[in-house]
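Undergrad: Contents are compact mmCIF, C-alpha atoms; file name target.txt:
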# COMPACT_ATOMS: atom_id res chain seq x y z
CA MET Q 23 28.27 -93.71 17.84
CA ASN Q 24 31.05 -91.16 18.33
CA ASN Q 25 29.95 -88.86 21.15
CA GLU Q 26 32.52 -86.25 20.22
CA ILE Q 27 30.75 -85.82 16.87
CA LEU Q 28 27.22 -86.15 18.24
CA PHE Q 29 27.62 -83.74 21.13
CA LYS Q 30 28.13 -80.42 19.36
CA GLY Q 31 26.85 -78.46 22.32
CA TYR Q 32 25.89 -74.83 22.71
CA ASP Q 33 26.26 -72.61 19.62
CA GLU Q 34 27.18 -68.99 20.38
CA ASN Q 35 26.12 -67.99 16.85
CA PHE Q 36 22.75 -69.72 17.17
CA ILE Q 37 20.75 -66.52 16.71
CA SER Q 38 21.43 -65.24 13.18
CA GLY Q 39 23.67 -62.20 13.04
CA GLN Q 40 24.40 -62.33 16.79
CA THR Q 41 27.14 -63.77 18.97
CA ILE Q 42 26.14 -64.86 22.48
CA PRO Q 43 29.23 -66.34 24.16
CA LEU Q 44 29.26 -68.61 27.18
CA PRO Q 45 29.35 -67.04 30.64
CA ILE Q 46 32.82 -66.13 31.89
CA LEU Q 47 33.99 -67.76 35.13
CA ASN Q 48 36.09 -65.94 37.72
CA LYS Q 49 39.60 -67.13 38.63
CA GLU Q 50 38.48 -69.25 41.58
CA GLN Q 51 35.88 -70.99 39.43
CA LYS Q 52 38.35 -71.62 36.61
CA ASP Q 53 40.69 -73.30 39.10
CA ASP Q 54 37.80 -75.56 40.16
CA LEU Q 55 36.78 -76.77 36.69
CA VAL Q 56 36.28 -80.44 35.88
CA LEU Q 57 38.06 -81.60 32.71
CA ASP Q 58 36.84 -84.45 30.55
CA LYS Q 59 39.07 -87.22 29.19
CA ASN Q 60 40.24 -84.92 26.40
CA ASN Q 61 41.05 -82.10 28.86
CA ASN Q 62 38.05 -80.04 27.78
CA SER Q 63 36.51 -77.84 30.44
CA ILE Q 64 33.38 -77.18 28.36
CA ILE Q 65 31.29 -80.36 28.40
CA ASN Q 66 29.13 -80.56 25.28
CA TYR Q 67 25.83 -82.38 24.87
CA ILE Q 68 23.12 -82.02 22.22
CA ASN Q 69 22.02 -78.37 21.89
CA TYR Q 70 23.55 -77.47 25.26
CA SER Q 71 26.86 -77.31 27.13
CA LEU Q 72 27.99 -76.90 30.73
CA GLN Q 73 30.99 -76.35 32.97
CA LEU Q 74 31.26 -78.44 36.13
CA SER Q 75 32.67 -77.69 39.58
CA ALA Q 76 35.11 -80.29 40.93
CA ILE Q 77 34.47 -79.26 44.53
CA HIS Q 78 30.67 -79.25 44.42
CA LYS Q 79 30.21 -81.77 41.56
CA PHE Q 80 27.40 -79.58 40.25
CA PRO Q 81 27.48 -77.35 37.15
CA PHE Q 82 28.47 -73.71 37.44
CA TYR Q 83 25.98 -73.19 34.61
CA THR Q 84 24.38 -74.85 31.63
CA ALA Q 85 24.03 -73.02 28.29
CA THR Q 86 21.14 -73.98 26.05
CA ASN Q 87 19.94 -73.15 22.55
CA ILE Q 88 16.15 -73.34 22.09
CA ASP Q 89 14.69 -73.47 18.58
CA GLY Q 90 10.95 -72.89 18.67
CA LEU Q 91 10.54 -73.52 14.94
CA ASN Q 92 12.04 -77.03 15.05
CA PHE Q 93 10.59 -78.19 18.40
CA LYS Q 94 9.38 -81.81 18.33
CA LYS Q 95 7.11 -83.70 20.69
CA VAL Q 96 8.85 -86.92 21.75
CA PRO Q 97 8.29 -89.41 24.59
CA ARG Q 98 10.19 -88.91 27.85
CA ARG Q 99 12.82 -91.52 28.70
CA ASP Q 100 14.25 -91.11 32.20
CA ASN Q 101 17.69 -92.53 31.59
CA TRP Q 102 19.81 -90.96 34.33
CA ARG Q 103 23.50 -91.91 34.18
CA LYS Q 104 26.96 -90.58 34.81
CA ASP Q 105 28.96 -89.20 31.88
CA ALA Q 106 31.65 -91.70 30.87
CA ARG Q 107 33.84 -88.85 29.60
CA ILE Q 108 34.27 -87.55 33.16
CA ARG Q 109 35.75 -89.22 36.22
CA LYS Q 110 32.97 -90.91 38.19
CA ASP Q 111 34.16 -89.45 41.49
CA LEU Q 112 33.60 -85.92 40.09
CA GLN Q 113 29.89 -86.53 39.48
CA TRP Q 114 27.05 -87.23 41.88
CA GLY Q 115 24.74 -90.10 41.03
CA LEU Q 116 22.49 -92.55 42.83
CA GLU Q 117 24.71 -92.34 45.90
CA LEU Q 118 23.26 -88.84 46.42
CA TYR Q 119 19.74 -89.17 45.03
CA ARG Q 120 18.98 -92.41 46.89
CA ALA Q 121 20.66 -91.48 50.16
CA PRO Q 122 18.61 -91.29 53.38
CA LYS Q 123 16.60 -88.02 53.57
CA SER Q 124 17.18 -87.33 49.86
CA ASN Q 125 13.61 -86.16 49.45
CA PHE Q 126 14.43 -84.04 46.41
CA ASP Q 127 14.23 -84.29 42.64
CA ARG Q 128 17.06 -84.71 40.20
CA GLY Q 129 16.54 -81.19 38.98
CA HIS Q 130 17.39 -80.60 35.33
CA MET Q 131 19.40 -77.42 34.86
CA THR Q 132 18.90 -77.57 31.10
CA LYS Q 133 15.23 -78.47 30.74
CA ARG Q 134 14.58 -81.65 28.75
CA GLU Q 135 12.10 -80.00 26.40
CA ASP Q 136 14.33 -76.98 25.77
CA VAL Q 137 16.75 -79.05 23.66
CA GLN Q 138 14.00 -81.20 22.17
CA TRP Q 139 14.37 -79.88 18.65
CA GLY Q 140 16.10 -80.77 15.41
CA ALA Q 141 15.56 -81.67 11.79
CA SER Q 142 14.02 -85.03 12.73
CA ILE Q 143 12.19 -86.78 15.55
CA GLY Q 144 15.28 -88.93 16.12
CA LEU Q 145 17.53 -85.92 16.67
CA ALA Q 146 15.04 -84.35 19.06
CA LEU Q 147 14.69 -87.61 20.99
CA ASN Q 148 18.47 -87.97 21.35
CA ALA Q 149 18.76 -84.35 22.45
CA ALA Q 150 16.10 -84.82 25.13
CA ASP Q 151 17.81 -88.00 26.31
CA SER Q 152 21.14 -86.15 26.61
CA THR Q 153 19.71 -84.01 29.42
CA PHE Q 154 19.59 -87.08 31.69
CA TYR Q 155 23.27 -86.98 32.60
CA TYR Q 156 23.92 -86.33 36.28
CA THR Q 157 26.24 -83.51 35.28
CA ASN Q 158 23.05 -81.62 34.32
CA SER Q 159 21.37 -82.36 37.64
CA VAL Q 160 21.20 -80.54 40.99
CA PRO Q 161 18.97 -81.49 43.96
CA GLN Q 162 15.74 -79.50 43.82
CA HIS Q 163 12.79 -79.74 46.20
CA LYS Q 164 9.82 -81.21 44.35
CA ASP Q 165 7.42 -78.49 45.49
CA LEU Q 166 9.52 -75.87 43.72
CA ASN Q 167 10.85 -77.91 40.81
CA ARG Q 168 7.33 -78.97 39.82
CA ALA Q 169 5.54 -75.69 40.55
CA ILE Q 170 6.52 -72.06 39.90
CA TRP Q 171 9.96 -72.85 38.43
CA ARG Q 172 8.39 -75.27 35.99
CA SER Q 173 5.66 -72.75 35.19
CA LEU Q 174 8.32 -70.19 34.37
CA GLU Q 175 10.24 -72.66 32.20
CA ASP Q 176 7.06 -73.68 30.37
CA TYR Q 177 6.16 -70.03 29.80
CA ILE Q 178 9.59 -69.34 28.25
CA LEU Q 179 9.48 -72.47 26.09
CA HIS Q 180 5.85 -72.88 25.04
CA THR Q 181 4.09 -69.54 25.44
CA GLU Q 182 6.83 -67.45 23.88
CA THR Q 183 9.56 -69.42 22.10
CA ASN Q 184 7.60 -72.25 20.47
CA ALA Q 185 4.44 -70.27 19.81
CA ASN Q 186 6.43 -67.56 18.04
CA GLU Q 187 8.96 -69.96 16.41
CA LEU Q 188 11.89 -68.08 17.92
CA LYS Q 189 15.49 -68.88 18.73
CA VAL Q 190 16.51 -68.16 22.31
CA SER Q 191 19.64 -68.81 24.39
CA VAL Q 192 19.20 -69.69 28.07
CA PHE Q 193 21.75 -69.97 30.88
CA THR Q 194 20.77 -71.80 34.07
CA GLY Q 195 22.50 -72.94 37.20
CA PRO Q 196 22.75 -73.20 40.98
CA VAL Q 197 24.47 -70.66 43.19
CA LEU Q 198 27.54 -72.59 44.36
CA SER Q 199 28.52 -70.89 47.58
CA ARG Q 200 30.08 -71.56 50.97
CA GLN Q 201 26.84 -70.09 52.33
CA ASN Q 202 24.90 -73.13 51.13
CA PRO Q 203 23.53 -75.45 53.84
CA TYR Q 204 24.73 -79.01 54.40
CA PHE Q 205 22.72 -82.09 53.47
CA VAL Q 206 21.87 -83.97 56.68
CA THR Q 207 23.25 -87.22 55.21
CA ALA Q 208 26.98 -87.59 54.61
CA ILE Q 209 27.90 -89.50 51.44
CA ASN Q 210 31.02 -91.64 51.83
CA ASP Q 211 31.92 -89.50 54.85
CA GLU Q 212 31.68 -86.37 52.71
CA GLN Q 213 29.50 -83.44 53.79
CA ILE Q 214 27.57 -82.06 50.82
CA GLN Q 215 26.34 -78.49 50.48
CA ILE Q 216 22.97 -78.31 48.73
CA PRO Q 217 22.37 -75.13 46.70
CA SER Q 218 19.67 -72.88 48.15
CA LEU Q 219 19.33 -70.64 45.11
CA PHE Q 220 18.97 -71.25 41.39
CA TRP Q 221 19.02 -68.72 38.58
CA LYS Q 222 18.10 -68.40 34.92
CA VAL Q 223 19.22 -65.80 32.35
CA VAL Q 224 17.36 -65.63 29.03
CA VAL Q 225 18.92 -63.88 26.02
CA PHE Q 226 16.71 -63.13 23.02
CA GLN Q 227 16.40 -60.86 20.00
CA LYS Q 228 13.52 -58.42 19.56
CA GLU Q 229 12.11 -57.15 16.29
CA ASP Q 230 14.37 -54.11 16.56
CA GLY Q 231 17.33 -56.45 15.95
CA ASN Q 232 18.89 -55.87 19.37
CA LEU Q 233 19.73 -58.51 21.96
CA TYR Q 234 17.93 -58.36 25.30
CA ARG Q 235 18.30 -60.35 28.49
CA VAL Q 236 16.22 -61.03 31.59
CA ALA Q 237 17.02 -62.96 34.79
CA PHE Q 238 15.25 -64.97 37.48
CA ILE Q 239 16.26 -66.40 40.87
CA MET Q 240 14.59 -69.28 42.73
CA SER Q 241 14.88 -70.11 46.44
CA GLN Q 242 14.31 -73.54 47.99
CA ASN Q 243 15.88 -73.07 51.42
CA LYS Q 244 12.70 -73.14 53.52
CA LEU Q 245 11.32 -76.13 51.67
CA LEU Q 246 14.50 -78.09 52.36
CA LEU Q 247 14.52 -77.00 55.99
CA ASN Q 248 10.88 -77.89 56.55
CA ASP Q 249 11.48 -81.43 55.27
CA GLY Q 250 14.61 -81.90 57.39
CA ILE Q 251 16.80 -82.29 54.30
CA ILE Q 252 19.39 -79.68 55.28
CA GLU Q 253 20.96 -78.38 58.45
CA GLU Q 254 20.09 -74.79 59.27
CA LEU Q 255 23.03 -72.41 59.08
CA GLU Q 256 23.39 -68.91 60.41
CA ARG Q 257 24.10 -66.69 57.44
CA ASP Q 258 25.68 -63.30 57.14
CA ASP Q 259 24.99 -62.97 53.42
CA LEU Q 260 22.12 -60.53 52.99
CA LEU Q 261 21.68 -61.51 49.36
CA PHE Q 262 20.85 -65.04 50.39
CA MET Q 263 18.45 -63.84 53.06
CA GLN Q 264 16.63 -61.73 50.49
CA PHE Q 265 15.63 -64.92 48.65
CA ASP Q 266 14.89 -67.18 51.60
CA ASP Q 267 11.18 -67.89 51.26
CA SER Q 268 10.75 -70.70 48.73
CA ALA Q 269 9.84 -68.50 45.79
CA THR Q 270 10.94 -67.33 42.36
CA TYR Q 271 11.87 -63.73 41.57
CA GLN Q 272 12.60 -61.62 38.53
CA VAL Q 273 15.85 -59.72 39.12
CA ASN Q 274 18.51 -57.69 37.40
CA VAL Q 275 21.14 -59.73 35.55
CA SER Q 276 23.78 -57.81 37.50
CA LEU Q 277 22.45 -59.35 40.72
CA VAL Q 278 22.86 -62.86 39.31
CA GLU Q 279 26.41 -61.94 38.33
CA GLU Q 280 27.07 -60.67 41.85
CA ILE Q 281 25.94 -63.81 43.65
CA THR Q 282 27.34 -66.34 41.15
CA GLY Q 283 30.67 -64.77 40.20
CA LEU Q 284 29.80 -65.33 36.53
CA GLU Q 285 29.84 -62.72 33.79
CA PHE Q 286 27.03 -62.99 31.25
CA PRO Q 287 26.93 -61.91 27.60
CA VAL Q 288 26.32 -58.23 27.04
CA ALA Q 289 22.77 -57.33 26.00
CA MET Q 290 20.13 -54.75 26.77
CA ASP Q 291 18.33 -55.41 30.04
CA SER Q 292 14.62 -55.97 29.44
CA TYR Q 293 14.03 -55.58 33.17
CA SER Q 294 15.93 -53.00 35.19
CA ASP Q 295 14.86 -52.28 38.75
CA ASP Q 296 16.54 -52.32 42.15
CA ARG Q 297 13.58 -54.29 43.47
CA SER Q 298 13.29 -58.06 43.06
CA ILE Q 299 9.83 -58.97 41.80
CA LYS Q 300 8.38 -62.10 43.37
CA LEU Q 301 6.59 -64.49 41.03
CA VAL Q 302 3.93 -66.80 42.47
CA LEU Q 303 1.56 -69.28 40.89
CA ASN Q 304 -1.53 -67.08 40.71
CA GLU Q 305 -0.23 -63.55 40.97
CA VAL Q 306 2.89 -61.42 40.85
CA ASP Q 307 3.40 -58.77 43.50
CA ILE Q 308 4.73 -55.93 41.39
CA ASP Q 309 2.98 -53.25 43.38
CA PRO Q 310 0.36 -53.56 46.13
CA ASP Q 311 -1.85 -51.14 44.20
CA LEU Q 312 -1.78 -53.17 40.98
CA GLU Q 313 -4.54 -55.66 40.28
CA SER Q 314 -3.39 -59.30 40.27
CA LEU Q 315 -3.43 -61.17 36.98
CA SER Q 316 -2.99 -64.81 35.94
CA ILE Q 317 0.57 -66.09 35.67
CA GLU Q 318 0.46 -66.10 31.86
CA ASN Q 319 -0.80 -62.52 31.61
CA GLU Q 320 1.25 -61.29 34.52
CA LEU Q 321 4.50 -62.80 33.32
CA GLY Q 322 3.85 -61.21 29.98
CA PHE Q 323 3.35 -57.90 31.80
CA VAL Q 324 6.46 -58.28 33.96
CA ILE Q 325 8.68 -59.44 31.14
CA GLU Q 326 7.05 -56.95 28.80
CA HIS Q 327 6.52 -59.68 26.22
CA ILE Q 328 10.28 -59.97 26.02
CA TYR Q 329 10.34 -62.05 22.86
CA LEU Q 330 8.04 -59.85 20.82
Would you write the structure of this file as structure tokens?
TA:
Amino acid sequence: MNNEILFKGYDENFISGQTIPLPILNKEQKDDLVLDKNNNSIINYINYSLQLSAIHKFPFYTATNIDGLNFKKVPRRDNWRKDARIRKDLQWGLELYRAPKSNFDRGHMTKREDVQWGASIGLALNAADSTFYYTNSVPQHKDLNRAIWRSLEDYILHTETNANELKVSVFTGPVLSRQNPYFVTAINDEQIQIPSLFWKVVVFQKEDGNLYRVAFIMSQNKLLLNDGIIEELERDDLLFMQFDDSATYQVNVSLVEEITGLEFPVAMDSYSDDRSIKLVLNEVDIDPDLESLSIENELGFVIEHIYL
């Protein structure tokens, strides 16, 4: 099968009547882009695309279209592999995820189920399988990847998008920074910096016809430190220190832009506050005086039912 035809990638006109372009990289990031065999810097898969850092060998971001109306349930096939369109030495693979002290997951940036849609079961199955390229993977501690971050992803996909048969565009990625700590194991004599922070920006359309956006940041630094996976670094970046307690936060999109160097599509901000709201499994600390609610109800309160 011709991958160039199959992998159509992210569609900026996915939401009818709207254009949601890919994030814009800064000059330093553009100079660090990986090119595929056809000299494309945008690497397309099924229902999502990404741009990859040559220095870090992790994606700057992934861009995903989610179609709640055409979502299909298909079996999971863990078929991790490197992308043959890209030089092998510009992608991490088993050499990283099976290295000594690699007690972390192969964390999907584009969630498998997010692209699991199409006109047929076969299309949805192929789309889900296309998320198992290492280009879409970044080391994530299991206690975060399988807990609050997953709960947030499931809320976006199942509680809102699928239940309401909506179309949503999602951007996800690690914060690639010189502030990131080093993995305790060198790979082929190379010291690897493991991202401490991850982010997610959701763009959606409300009934008023306008585009809105909301952002989240996740920290895994303490989890990695506690398991001896990374070397502790002294940091002078206050933004990193703000998110240094193994949690997930709702934040302004402008903050994600500040710490990533990316520029996201223009939309109305569903959440706008100088404070970063911490999300936890059973409650969300919006205000000490507010009564705690379940994650489903509380997320709906925090996000203000962003899709409705």
Undergrad: Smallest atom-to-atom distance to Val96 (chain Q): which of Q:Ala149, Q:Ile281, Q:Val225, Q:Ile65, using only C-alpha atoms?
TA: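 Answer, going by the shortest atom-to-atom distance: Q:Ala149.
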Undergrad: Looking at Q:Ser218, Q:Gln272, Q:Tyr156, Q:Ile143, which one is nearest to Ala237 (chain Q), with distances taken over all atoms listed in the file?
TA: Q:Gln272
Undergrad: Using only C-alpha atoms, find the one residue out of Q:Asn210, Q:Gln138, Q:Ser294, Q:Thr132 that sits nearest to Thr157 (chain Q).
TA: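 When distances to Thr157 (chain Q) are compared using only C-alpha atoms, the smallest one comes from Q:Thr132.
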Undergrad: Which is closer to Pro45 (chain Q) than all the others in Q:Val223, Q:Leu233, Q:Val273, Q:Leu255, using all atoms listed in the file?
TA: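 So, comparing all the options, the nearest one is Q:Val223.
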Undergrad: Go through Q:Leu118, Q:Ile216, Q:Val275, Q:Val224 one by one, measure the shortest atom-to-atom distance of each to Leu246 (chain Q) using all atoms listed in the file, and give the residue with the smallest value.
TA: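 With all atoms listed in the file as the atom set, the closest residue is Q:Ile216.
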Undergrad: Restricting the calculation to all atoms listed in the file: of Q:Gly250, Q:Met240, Q:Ala150, Q:His78, which residue gets closest to Gln213 (chain Q)?
TA: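 Once distances to Gln213 (chain Q) are computed over all atoms listed in the file, the minimum belongs to Q:His78.
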Undergrad: If you measure from CA of Asn232 (chain Q) to CA of Leu284 (chain Q), what distance in Å do you get, rounded to one decimal?
TA: 22.4 Å
Undergrad: To one decimal place, how far is CA of Asp136 (chain Q) from CA of Arg109 (chain Q) in Å?
TA: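 CA of Asp136 (chain Q) sits 26.8 Å away from CA of Arg109 (chain Q).
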Undergrad: What gap, in Å, lies between CA of Gly39 (chain Q) and CA of Gly140 (chain Q)?
TA: 20.2 Å
Undergrad: List the spatial neighbours of Asp54 (chain Q) as a VMD selection string - criterion: any atom at most 12 Å away, all atoms listed in the file, same-chain residues fewer than 2 positions off excluded.
TA: chain Q and resid 47 to 52 56 to 57 63 73 to 82 112 198
Undergrad: As a ChimeraX atom specification, please: the residues near Leu219 (chain Q) (cut-off 6 Å, all atoms listed in the file, same-chain neighbours under 2 positions excluded).
TA: /Q:196-197,217,240-241
Undergrad: If we count all atoms listed in the file, what is near Tyr67 (chain Q) at a cut-off of 8 Å, once residues fewer than 3 positions away on the same chain are taken out, given as number ranges by chain?
TA: Q: 28-32, 70-71, 149, 152-153
Undergrad: Counting all atoms listed in the file, what is within 7 Å of Ile214 (chain Q), bar same-chain residues fewer than 6 positions away, as a list in words?
TA: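 Returned residues: Tyr204, Phe205 and Ala208 of chain Q.
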Undergrad: Residues as selected, C-alpha atoms, written as a CSV table (one decimal), keeping the file's coordinate frame, can you do that?
TA:
chain,number,residue,atom,x,y,z
Q,204,TYR,CA,24.7,-79.0,54.4
Q,205,PHE,CA,22.7,-82.1,53.5
Q,208,ALA,CA,27.0,-87.6,54.6
Undergrad: May I have the protein, DNA and RNA residues with an atom at most 12 Å from (21.4, -89.3, 51.0), counting only C-alpha atoms in the file's coordinates, returned as a VMD selection string?
TA: chain Q and resid 114 to 126 161 204 to 216 250 to 252
Undergrad: Residues proximal to (13.7, -74.0, 25.5) were defined as those with any atom within 8 Å of that point in the file's coordinates, counting all atoms listed in the file. Which are they, as a list in words?
TA: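 Here is the list of nearby residues: Thr86, Asn87, Ile88, Asp89, Gly90, Lys133, Glu135, Asp136, Val137, Gln138, Glu175, Ile178, Leu179, His180, Thr183, Val190, Ser191 and Val192 of chain Q.
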